[in-house]
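The data block below is model.cif; it holds mmCIF, C-alpha atoms and all ligand atoms.
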```
data_work
#
loop_
_atom_site.label_atom_id
_atom_site.label_comp_id
_atom_site.auth_asym_id
_atom_site.auth_seq_id
_atom_site.Cartn_x
_atom_site.Cartn_y
_atom_site.Cartn_z
CA MET A 1 9.44 9.00 7.99
CA GLU A 2 10.32 12.21 6.16
CA SER A 3 8.65 15.30 7.62
CA ASN A 4 6.97 16.24 4.32
CA THR A 5 5.38 12.80 3.79
CA LYS A 6 1.72 13.20 2.82
CA ILE A 7 -0.43 10.92 4.93
CA PRO A 8 -3.23 9.47 2.77
CA GLU A 9 -6.68 9.31 4.33
CA HIS A 10 -7.33 5.82 2.90
CA VAL A 11 -4.57 3.31 2.15
CA SER A 12 -5.54 0.03 0.54
CA ILE A 13 -3.37 -3.04 0.13
CA ILE A 14 -3.62 -6.06 -2.16
CA MET A 15 -1.71 -8.55 -0.02
CA ASP A 16 0.10 -10.86 -2.41
CA GLY A 17 2.96 -13.34 -2.38
CA ASN A 18 2.25 -15.49 0.70
CA GLY A 19 2.50 -18.71 -1.30
CA ARG A 20 5.76 -17.69 -2.98
CA TRP A 21 7.22 -16.61 0.37
CA ALA A 22 6.44 -20.03 1.85
CA GLY A 23 7.78 -21.78 -1.26
CA LYS A 24 11.09 -19.96 -0.91
CA MET A 25 11.36 -21.32 2.63
CA GLY A 26 10.52 -24.84 1.42
CA LYS A 27 7.22 -24.75 3.36
CA GLU A 28 3.52 -25.22 2.55
CA ARG A 29 1.58 -22.21 1.21
CA VAL A 30 -0.48 -21.97 4.40
CA PHE A 31 2.67 -21.15 6.35
CA GLY A 32 2.92 -17.96 4.28
CA HIS A 33 -0.65 -16.99 5.15
CA ALA A 34 0.03 -17.47 8.88
CA GLU A 35 3.13 -15.29 8.62
CA GLY A 36 1.10 -12.75 6.62
CA VAL A 37 -1.09 -12.14 9.67
CA HIS A 38 1.95 -10.53 11.36
CA SER A 39 2.24 -8.12 8.43
CA VAL A 40 -1.46 -7.26 8.83
CA ARG A 41 -0.80 -6.34 12.45
CA ALA A 42 2.38 -4.37 11.63
CA CYS A 43 0.65 -2.35 8.89
CA ALA A 44 -2.46 -1.70 11.00
CA GLU A 45 -0.32 -0.48 13.91
CA THR A 46 1.83 1.73 11.71
CA ALA A 47 -1.14 3.17 9.82
CA ALA A 48 -2.95 4.08 13.06
CA GLU A 49 0.26 5.56 14.50
CA ILE A 50 0.87 7.94 11.59
CA GLY A 51 -2.74 9.09 11.24
CA VAL A 52 -4.16 7.05 8.36
CA LYS A 53 -7.95 7.09 8.82
CA TYR A 54 -8.87 4.02 6.73
CA LEU A 55 -6.69 0.99 6.03
CA SER A 56 -8.28 -1.60 3.78
CA LEU A 57 -6.90 -5.03 2.97
CA PHE A 58 -7.89 -7.43 0.20
CA ALA A 59 -7.83 -10.66 2.22
CA PHE A 60 -9.89 -13.08 0.12
CA SER A 61 -11.49 -12.64 -3.27
CA GLU A 62 -14.58 -14.31 -4.69
CA GLU A 63 -12.16 -16.10 -7.03
CA ASN A 64 -10.13 -17.42 -4.07
CA TRP A 65 -13.01 -19.82 -3.27
CA GLU A 66 -11.64 -21.89 -6.20
CA ARG A 67 -8.37 -22.59 -4.36
CA PRO A 68 -7.81 -26.09 -2.88
CA GLN A 69 -10.30 -26.72 -0.06
CA GLU A 70 -7.54 -27.15 2.52
CA GLU A 71 -6.09 -23.71 1.74
CA VAL A 72 -9.54 -22.06 1.85
CA GLU A 73 -10.26 -23.69 5.21
CA THR A 74 -6.90 -22.54 6.61
CA LEU A 75 -7.53 -18.98 5.49
CA MET A 76 -10.99 -18.97 7.08
CA ARG A 77 -9.55 -20.45 10.30
CA LEU A 78 -6.84 -17.76 10.35
CA MET A 79 -9.48 -15.10 9.88
CA MET A 80 -11.59 -16.52 12.71
CA LYS A 81 -8.59 -16.77 15.05
CA SER A 82 -7.28 -13.28 14.17
CA LEU A 83 -10.69 -11.74 14.85
CA SER A 84 -10.95 -13.16 18.37
CA VAL A 85 -7.26 -12.66 19.24
CA GLU A 86 -7.07 -9.10 17.93
CA LEU A 87 -10.32 -7.69 19.35
CA PRO A 88 -8.70 -6.38 22.59
CA THR A 89 -5.90 -4.71 20.58
CA LEU A 90 -8.43 -3.11 18.25
CA LEU A 91 -10.35 -1.73 21.22
CA GLU A 92 -7.20 -0.53 23.04
CA ASN A 93 -6.17 1.37 19.94
CA ARG A 94 -9.69 2.62 19.12
CA ILE A 95 -9.68 0.85 15.75
CA ARG A 96 -13.04 0.06 14.21
CA LEU A 97 -13.25 -3.12 12.12
CA ARG A 98 -15.45 -3.52 9.06
CA VAL A 99 -15.57 -6.70 6.98
CA LEU A 100 -16.93 -6.19 3.48
CA GLY A 101 -17.80 -8.63 0.70
CA ASN A 102 -20.24 -11.35 -0.25
CA LEU A 103 -20.46 -12.62 3.31
CA SER A 104 -23.39 -14.93 2.51
CA ARG A 105 -20.78 -17.44 1.33
CA LEU A 106 -19.04 -17.62 4.74
CA GLY A 107 -19.70 -20.24 7.42
CA ASP A 108 -22.16 -19.34 10.20
CA ASN A 109 -19.54 -19.26 12.97
CA LEU A 110 -17.30 -16.88 11.07
CA LYS A 111 -20.26 -14.62 10.20
CA LYS A 112 -21.21 -14.54 13.89
CA GLU A 113 -17.64 -13.67 14.95
CA ILE A 114 -17.46 -10.92 12.33
CA ARG A 115 -20.74 -9.39 13.55
CA LYS A 116 -19.48 -9.59 17.15
CA VAL A 117 -16.15 -7.84 16.45
CA GLU A 118 -17.79 -5.25 14.20
CA ALA A 119 -20.36 -4.41 16.88
CA ALA A 120 -17.78 -4.34 19.70
CA SER A 121 -15.43 -2.04 17.76
CA ASP A 122 -18.16 0.24 16.39
CA LEU A 123 -16.83 3.27 18.26
CA PRO A 124 -18.36 6.71 17.73
CA ASP A 125 -14.99 8.39 17.16
CA PRO A 126 -12.50 5.74 16.01
CA ARG A 127 -8.83 6.56 15.50
CA MET A 128 -8.82 4.41 12.36
CA THR A 129 -11.16 2.08 10.48
CA LEU A 130 -9.64 -1.24 9.41
CA ILE A 131 -11.53 -2.72 6.49
CA VAL A 132 -11.05 -6.36 5.54
CA PHE A 133 -12.39 -7.38 2.14
CA LEU A 134 -13.49 -10.97 2.41
CA SER A 135 -15.18 -12.96 -0.35
CA TYR A 136 -15.12 -9.71 -2.28
CA SER A 137 -14.84 -8.85 -5.94
CA GLY A 138 -15.28 -5.50 -7.64
CA LYS A 139 -17.63 -6.86 -10.31
CA TRP A 140 -19.78 -8.54 -7.65
CA ASP A 141 -19.96 -5.23 -5.75
CA ILE A 142 -20.99 -3.23 -8.84
CA LEU A 143 -23.57 -5.84 -9.82
CA GLN A 144 -25.18 -6.06 -6.37
CA ALA A 145 -25.29 -2.24 -6.28
CA ALA A 146 -26.91 -2.06 -9.73
CA LYS A 147 -29.54 -4.64 -8.76
CA GLN A 148 -30.43 -2.85 -5.52
CA MET A 149 -30.59 0.51 -7.22
CA ALA A 150 -32.77 -0.85 -10.04
CA SER A 151 -35.10 -2.33 -7.46
CA ASP A 152 -35.27 0.92 -5.42
CA PHE A 153 -36.00 2.98 -8.54
CA ALA A 154 -38.39 0.46 -10.13
CA GLY A 155 -41.32 2.90 -10.06
CA ASP A 156 -39.27 6.04 -10.66
CA PRO A 157 -37.67 6.15 -14.14
CA ALA A 158 -37.14 9.94 -13.88
CA GLY A 159 -35.29 9.51 -10.59
CA LEU A 160 -33.13 6.78 -12.13
CA ALA A 161 -32.32 8.95 -15.16
CA ALA A 162 -31.21 11.77 -12.85
CA ALA A 163 -29.03 9.54 -10.64
CA THR A 164 -25.36 10.54 -10.36
CA SER A 165 -22.25 8.47 -9.77
CA ASP A 166 -22.34 9.62 -6.12
CA ASP A 167 -25.89 8.22 -5.86
CA PHE A 168 -24.67 4.91 -7.30
CA GLY A 169 -21.68 4.83 -4.90
CA LYS A 170 -24.11 4.69 -1.97
CA TYR A 171 -25.17 1.19 -3.06
CA LEU A 172 -21.61 -0.19 -3.03
CA VAL A 173 -20.45 -2.01 0.09
CA THR A 174 -18.01 0.84 0.72
CA ASN A 175 -20.81 3.40 1.22
CA GLY A 176 -19.57 6.08 3.64
CA ILE A 177 -15.90 5.15 3.18
CA PRO A 178 -13.78 7.56 1.10
CA ASP A 179 -12.23 6.09 -2.07
CA PRO A 180 -8.66 4.82 -1.56
CA ASP A 181 -5.98 7.45 -2.19
CA VAL A 182 -3.48 4.72 -2.86
CA VAL A 183 -3.54 1.00 -3.61
CA ILE A 184 -0.34 -0.87 -2.78
CA ARG A 185 0.20 -4.33 -4.23
CA THR A 186 2.97 -6.53 -2.91
CA SER A 187 5.03 -9.20 -4.72
CA GLY A 188 5.68 -7.16 -7.86
CA GLU A 189 2.35 -7.82 -9.60
CA MET A 190 0.69 -4.92 -11.41
CA ARG A 191 -2.93 -5.99 -11.65
CA ILE A 192 -6.09 -4.75 -9.94
CA SER A 193 -7.43 -8.36 -9.86
CA ASN A 194 -11.13 -7.54 -9.59
CA TYR A 195 -10.59 -5.45 -6.46
CA MET A 196 -12.46 -2.15 -5.85
CA LEU A 197 -13.03 -1.46 -9.55
CA TRP A 198 -15.32 1.54 -9.08
CA GLN A 199 -13.65 3.03 -6.01
CA THR A 200 -10.08 3.00 -7.39
CA ALA A 201 -10.86 5.20 -10.42
CA TYR A 202 -8.30 7.80 -9.27
CA SER A 203 -6.25 5.88 -6.73
CA GLU A 204 -2.49 5.94 -7.11
CA PHE A 205 -1.22 2.41 -7.77
CA ILE A 206 2.05 1.30 -6.18
CA SER A 207 3.59 -2.08 -6.87
CA VAL A 208 6.36 -3.24 -4.55
CA GLU A 209 8.57 -6.30 -4.99
CA THR A 210 8.36 -7.29 -1.30
CA LEU A 211 6.28 -10.41 -0.63
CA TRP A 212 3.41 -9.84 1.81
CA PRO A 213 4.91 -11.74 4.82
CA ASP A 214 7.96 -9.42 4.57
CA PHE A 215 5.89 -6.24 4.19
CA ARG A 216 6.25 -4.67 7.63
CA LYS A 217 6.57 -1.13 9.03
CA GLU A 218 9.62 -0.07 7.01
CA ALA A 219 8.21 -1.29 3.68
CA PHE A 220 4.83 0.30 4.45
CA LEU A 221 6.43 3.69 5.21
CA ALA A 222 8.60 3.43 2.07
CA ALA A 223 5.45 2.91 -0.05
CA LEU A 224 3.91 6.03 1.51
CA GLU A 225 7.06 8.00 0.64
CA GLU A 226 6.55 6.88 -2.95
CA TYR A 227 2.89 8.02 -2.75
CA SER A 228 4.07 11.42 -1.48
CA ARG A 229 6.10 11.89 -4.64
CA ARG A 230 3.10 11.31 -6.91
CA ASP A 231 1.35 14.27 -8.51
CA ARG A 232 -2.41 13.64 -8.40
CA ARG A 233 -4.24 15.56 -11.11
CA TYR A 234 -7.56 13.66 -11.38
CA GLY A 235 -7.50 14.08 -15.18
CA LYS A 236 -7.10 17.86 -14.90
CA VAL A 237 -4.23 20.22 -15.68
CA LYS A 238 -2.51 21.77 -12.68
C1 LIG B 301 -2.05 -13.66 -1.30
O1 LIG B 301 -0.95 -14.53 -1.39
C2 LIG B 301 -2.68 -13.67 0.02
C3 LIG B 301 -3.94 -14.14 0.30
C4 LIG B 301 -4.84 -14.70 -0.72
C5 LIG B 301 -4.47 -14.15 1.67
C6 LIG B 301 -4.17 -13.00 2.57
C7 LIG B 301 -4.58 -13.38 3.92
C8 LIG B 301 -3.89 -13.22 5.05
C9 LIG B 301 -2.59 -12.53 5.16
C10 LIG B 301 -4.43 -13.86 6.28
C11 LIG B 301 -5.27 -13.16 7.24
C12 LIG B 301 -5.82 -11.81 6.99
C13 LIG B 301 -6.33 -11.01 7.95
C14 LIG B 301 -6.96 -9.73 7.56
C15 LIG B 301 -6.28 -11.36 9.39
P1 LIG B 301 -1.02 -15.71 -2.45
O2 LIG B 301 -1.52 -16.92 -1.74
O3 LIG B 301 -1.82 -15.30 -3.63
O4 LIG B 301 0.50 -15.86 -2.79
P2 LIG B 301 1.16 -16.30 -4.19
O5 LIG B 301 0.72 -15.29 -5.20
O6 LIG B 301 2.61 -16.24 -3.88
O7 LIG B 301 0.66 -17.68 -4.47
#
```
Here is the file; what I need is its structure written in the form of structure tokens.
Ligand code: FPP
Amino acid sequence: MESNTKIPEHVSIIMDGNGRWAGKMGKERVFGHAEGVHSVRACAETAAEIGVKYLSLFAFSEENWERPQEEVETLMRLMMKSLSVELPTLLENRIRLRVLGNLSRLGDNLKKEIRKVEAASDLPDPRMTLIVFLSYSGKWDILQAAKQMASDFAGDPAGLAAATSDDFGKYLVTNGIPDPDVVIRTSGEMRISNYMLWQTAYSEFISVETLWPDFRKEAFLAALEEYSRRDRRYGKVK
């Protein structure tokens, strides 16, 4: 890594291209997802090593529930297995895990495992927080926030009128987590795909050609070099 590389506080990744990676090898799509778990580990390790405070990963969208049942089941199984296998590593490295999304749609066993790993890794002073977005969509997040806020302010129209965007942000599932500095999407796509629509208002967007199962330490560091070269102005003049 170059010595002048800026380390973002929050790096977010839209993991894409598992199916295409498997297809290129003449294998089933699920093989790509299994291989993708190794990239999750490589990126989490590298991010913690270089001082990233929050690494978030878009693992499964609300729309992904529409995929063939077999693929959905495999992804949920992989999630379940990764949670139990990785817990000791998370603890050894003082990494806190948060799983965010419409979790009411998940099976009971997976919900239980998520709660267990979240509670076990809920350290007071974590080195890094790893956030997995599961059954998540940006529109769902904004809508659930709006509904909760409307309900909280039902008897207080003056309070509602005075509410700021920071007040609204507290109702999103990412409450307490800084907005991503950078969103990296693998496999060459250049869409936000209903990810953190509110939170990415000023995130830098980086699209890399690498397919997710091939996105390991070197590719991750190269994307951060690219981020370092960006000039963030937040709509202002510097
Ligand atoms: C996108 O590739 C990838 C996904 C929808 C799933 C990502 C999930 C994992 C890597 C598994 C486990 C995750 C954790 C956090 C342990 P795609 O299927 O859309 O690929 P394609 O665009 O080539 O079809």
**Request:** Enumerate residues in contact with ligand LIG 301 (chain B): an atom-to-atom distance of at most 7 Å, counting all atoms listed in the file. Format the result as a VMD selection string.
**Result:** chain A and resid 15 to 21 29 33 to 34 36 to 37 40 57 59 to 60 64 75 78 to 79 82 132
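Of the residues listed (A:Arg191, A:Lys139, A:Arg96, A:Lys111), A:Arg96 shows the shortest atom-to-atom separation from Pro124 of chain A; distances use all atoms listed in the file.
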**Item:** atom CA of Asn175 of chain A to atom CA of Ala145 of chain A, straight-line distance in Å
**Value:** 10.4 Å
Can you list every residue of segment 145-201 of chain A that has an atom at most 12 Å from segment 215-223 of chain A, with its nearest atom pair and the distance in Å to one decimal, using only C-alpha atoms, ordered by chain then number, as a tab-separated table?
```
residue	atom	partner	partner_atom	distance
A:Val182	CA	A:Ala223	CA	9.5
A:Val183	CA	A:Ala223	CA	9.9
A:Ile184	CA	A:Ala223	CA	7.4
A:Arg185	CA	A:Ala223	CA	9.9
A:Thr186	CA	A:Phe215	CA	7.7
A:Ser187	CA	A:Phe215	CA	9.4
```
Report the centre and edge lengths, in Å to one decimal, of an axis-aligned box enclosing every atom of segment 17-23 of chain A listed in the file, padded by 4 Å on each side, as JSON.
```
{"center_x": 5.0, "center_y": -17.6, "center_z": -0.6, "size_x": 13.5, "size_y": 16.4, "size_z": 12.8}
```
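The smallest atom-to-atom distance between Leu130 of chain A and any of A:Lys6, A:Arg98, A:Lys112, A:Arg105, using all atoms listed in the file, is found for A:Arg98.
Among the candidates A:His38, A:Arg229, A:Lys53, A:Lys116, the residue lying nearest to Ser84 of chain A is A:Lys116 (atoms considered: only C-alpha atoms).
When all atoms listed in the file are used to measure the gap to Glu226 of chain A, the shortest distance among A:Trp65, A:Trp198, A:Phe205, A:Phe58 belongs to A:Phe205.
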**Fill in**
Between A:Ile7, A:Val30, A:Gly107, A:Trp140, smallest distance to Arg67 of chain A by all atoms listed in the file belongs to A:Val30
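Residues of protein, DNA and RNA with at least one atom no farther than 12 Å from (-32.7, 0.5, -7.3) are, using all atoms listed in the file, Leu143, Gln144, Ala145, Ala146, Lys147, Gln148, Met149, Ala150, Ser151, Asp152, Phe153, Ala154, Gly155, Asp156, Pro157, Gly159, Leu160, Ala161, Ala163, Asp167, Phe168, Lys170, Tyr171 and Leu172 of chain A.
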**Prompt:** Can you list, as a ChimeraX atom specification, every protein, DNA or RNA residue that comes within 10 Å of Asp179 of chain A when you count only C-alpha atoms, leaving out same-chain residues fewer than 3 positions away?
**Reply:** /A:9-12,54,169,174-176,182,196,198-203
**Asked** So how far away is atom CA of Pro8 of chain A from atom CA of Ile177 of chain A, in Å?
**Response** 13.4 Å
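Coordinates place atom CA of Ser228 of chain A at a distance of 8.1 Å from atom CA of Asn4 of chain A.
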**Message:** When you look at Ala119 of chain A with a cut-off of 10 Å (counting only C-alpha atoms), what residues show up, excluding the ones that are within fewer than 4 positions of it in the same chain? I need them as a VMD selection string.
**Reply:** chain A and resid 96 to 98 113 to 115 123
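Residue nearest Asp125 of chain A, chosen from A:Asp141, A:Ser104, A:Met80, A:Arg94 and counting only C-alpha atoms: A:Arg94.
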Could you produce a table of the residues of segment 82-160 of chain A lying within 10 Å of segment 41-49 of chain A, with the nearest pair of atoms per residue and their separation in Å rounded to one decimal, using all atoms listed in the file, ordered by chain and increasing residue number, as JSON lines?
```
{"residue": "A:Ser82", "atom": "CA", "partner": "A:Arg41", "partner_atom": "CA", "distance": 9.6}
{"residue": "A:Glu86", "atom": "CA", "partner": "A:Arg41", "partner_atom": "CA", "distance": 8.8}
{"residue": "A:Thr89", "atom": "CA", "partner": "A:Glu45", "partner_atom": "CA", "distance": 9.7}
{"residue": "A:Leu90", "atom": "CA", "partner": "A:Ala44", "partner_atom": "CA", "distance": 9.5}
{"residue": "A:Asn93", "atom": "CA", "partner": "A:Ala48", "partner_atom": "CA", "distance": 8.1}
{"residue": "A:Arg94", "atom": "CA", "partner": "A:Ala48", "partner_atom": "CA", "distance": 9.2}
{"residue": "A:Ile95", "atom": "CA", "partner": "A:Ala48", "partner_atom": "CA", "distance": 7.9}
{"residue": "A:Arg127", "atom": "CA", "partner": "A:Ala48", "partner_atom": "CA", "distance": 6.8}
{"residue": "A:Met128", "atom": "CA", "partner": "A:Ala48", "partner_atom": "CA", "distance": 5.9}
{"residue": "A:Thr129", "atom": "CA", "partner": "A:Ala48", "partner_atom": "CA", "distance": 8.8}
{"residue": "A:Leu130", "atom": "CA", "partner": "A:Ala44", "partner_atom": "CA", "distance": 7.4}
```
File contents for segment 76-106 of chain A with N, CA and C atoms as an mmCIF file, in the first residue's frame:
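Generated output (part_18.cif):
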```cif
data_model
loop_
_atom_site.group_PDB
_atom_site.id
_atom_site.type_symbol
_atom_site.label_atom_id
_atom_site.label_comp_id
_atom_site.auth_asym_id
_atom_site.auth_seq_id
_atom_site.Cartn_x
_atom_site.Cartn_y
_atom_site.Cartn_z
ATOM 1 N N MET A 76 -28.491 -18.901 2.280
ATOM 2 C CA MET A 76 -28.827 -18.852 3.709
ATOM 3 C C MET A 76 -27.993 -19.861 4.504
ATOM 4 N N ARG A 77 -27.778 -21.037 3.887
ATOM 5 C CA ARG A 77 -26.939 -22.062 4.544
ATOM 6 C C ARG A 77 -25.504 -21.556 4.702
ATOM 7 N N LEU A 78 -24.988 -20.905 3.635
ATOM 8 C CA LEU A 78 -23.625 -20.368 3.681
ATOM 9 C C LEU A 78 -23.503 -19.315 4.776
ATOM 10 N N MET A 79 -24.542 -18.520 4.899
ATOM 11 C CA MET A 79 -24.554 -17.454 5.903
ATOM 12 C C MET A 79 -24.505 -18.085 7.297
ATOM 13 N N MET A 80 -25.354 -19.083 7.490
ATOM 14 C CA MET A 80 -25.445 -19.780 8.775
ATOM 15 C C MET A 80 -24.090 -20.402 9.128
ATOM 16 N N LYS A 81 -23.502 -21.093 8.141
ATOM 17 C CA LYS A 81 -22.228 -21.782 8.385
ATOM 18 C C LYS A 81 -21.122 -20.753 8.664
ATOM 19 N N SER A 82 -21.084 -19.675 7.861
ATOM 20 C CA SER A 82 -20.023 -18.673 8.036
ATOM 21 C C SER A 82 -20.103 -18.059 9.418
ATOM 22 N N LEU A 83 -21.340 -17.801 9.886
ATOM 23 C CA LEU A 83 -21.497 -17.174 11.198
ATOM 24 C C LEU A 83 -20.874 -18.043 12.283
ATOM 25 N N SER A 84 -21.206 -19.355 12.266
ATOM 26 C CA SER A 84 -20.688 -20.193 13.355
ATOM 27 C C SER A 84 -19.192 -20.444 13.188
ATOM 28 N N VAL A 85 -18.735 -20.633 11.933
ATOM 29 C CA VAL A 85 -17.309 -20.913 11.735
ATOM 30 C C VAL A 85 -16.448 -19.689 12.064
ATOM 31 N N GLU A 86 -16.947 -18.508 11.709
ATOM 32 C CA GLU A 86 -16.102 -17.307 11.830
ATOM 33 C C GLU A 86 -16.137 -16.644 13.199
ATOM 34 N N LEU A 87 -17.068 -17.034 14.072
ATOM 35 C CA LEU A 87 -17.166 -16.343 15.366
ATOM 36 C C LEU A 87 -15.835 -16.267 16.127
ATOM 37 N N PRO A 88 -15.089 -17.410 16.258
ATOM 38 C CA PRO A 88 -13.811 -17.308 16.984
ATOM 39 C C PRO A 88 -12.847 -16.298 16.348
ATOM 40 N N THR A 89 -12.800 -16.281 15.000
ATOM 41 C CA THR A 89 -11.894 -15.345 14.307
ATOM 42 C C THR A 89 -12.318 -13.897 14.564
ATOM 43 N N LEU A 90 -13.634 -13.673 14.553
ATOM 44 C CA LEU A 90 -14.120 -12.323 14.828
ATOM 45 C C LEU A 90 -13.664 -11.885 16.220
ATOM 46 N N LEU A 91 -13.829 -12.786 17.192
ATOM 47 C CA LEU A 91 -13.480 -12.450 18.575
ATOM 48 C C LEU A 91 -11.969 -12.233 18.731
ATOM 49 N N GLU A 92 -11.180 -13.146 18.110
ATOM 50 C CA GLU A 92 -9.714 -13.008 18.181
ATOM 51 C C GLU A 92 -9.257 -11.657 17.656
ATOM 52 N N ASN A 93 -9.930 -11.204 16.610
ATOM 53 C CA ASN A 93 -9.515 -9.952 15.964
ATOM 54 C C ASN A 93 -10.299 -8.733 16.456
ATOM 55 N N ARG A 94 -11.086 -8.923 17.489
ATOM 56 C CA ARG A 94 -11.922 -7.856 18.065
ATOM 57 C C ARG A 94 -12.779 -7.168 16.986
ATOM 58 N N ILE A 95 -13.449 -8.002 16.192
ATOM 59 C CA ILE A 95 -14.353 -7.489 15.159
ATOM 60 C C ILE A 95 -15.788 -7.707 15.625
ATOM 61 N N ARG A 96 -16.545 -6.621 15.622
ATOM 62 C CA ARG A 96 -17.959 -6.703 16.014
ATOM 63 C C ARG A 96 -18.794 -6.961 14.763
ATOM 64 N N LEU A 97 -19.759 -7.866 14.852
ATOM 65 C CA LEU A 97 -20.609 -8.148 13.690
ATOM 66 C C LEU A 97 -21.998 -7.551 13.886
ATOM 67 N N ARG A 98 -22.490 -6.895 12.867
ATOM 68 C CA ARG A 98 -23.880 -6.430 12.861
ATOM 69 C C ARG A 98 -24.533 -6.951 11.582
ATOM 70 N N VAL A 99 -25.739 -7.450 11.677
ATOM 71 C CA VAL A 99 -26.467 -7.901 10.486
ATOM 72 C C VAL A 99 -27.700 -7.017 10.362
ATOM 73 N N LEU A 100 -27.825 -6.319 9.254
ATOM 74 C CA LEU A 100 -28.897 -5.336 9.099
ATOM 75 C C LEU A 100 -29.781 -5.655 7.897
ATOM 76 N N GLY A 101 -31.081 -5.476 8.071
ATOM 77 C CA GLY A 101 -32.017 -5.685 6.965
ATOM 78 C C GLY A 101 -33.372 -6.089 7.512
ATOM 79 N N ASN A 102 -34.219 -6.536 6.620
ATOM 80 C CA ASN A 102 -35.566 -6.972 7.013
ATOM 81 C C ASN A 102 -35.480 -8.417 7.504
ATOM 82 N N LEU A 103 -34.975 -8.568 8.717
ATOM 83 C CA LEU A 103 -34.639 -9.903 9.230
ATOM 84 C C LEU A 103 -35.878 -10.733 9.546
ATOM 85 N N SER A 104 -37.057 -10.090 9.557
ATOM 86 C CA SER A 104 -38.288 -10.844 9.838
ATOM 87 C C SER A 104 -38.520 -11.911 8.763
ATOM 88 N N ARG A 105 -37.899 -11.764 7.610
ATOM 89 C CA ARG A 105 -38.098 -12.735 6.533
ATOM 90 C C ARG A 105 -37.182 -13.958 6.657
ATOM 91 N N LEU A 106 -36.231 -13.929 7.589
ATOM 92 C CA LEU A 106 -35.279 -15.044 7.716
ATOM 93 C C LEU A 106 -35.863 -16.180 8.544
#
```
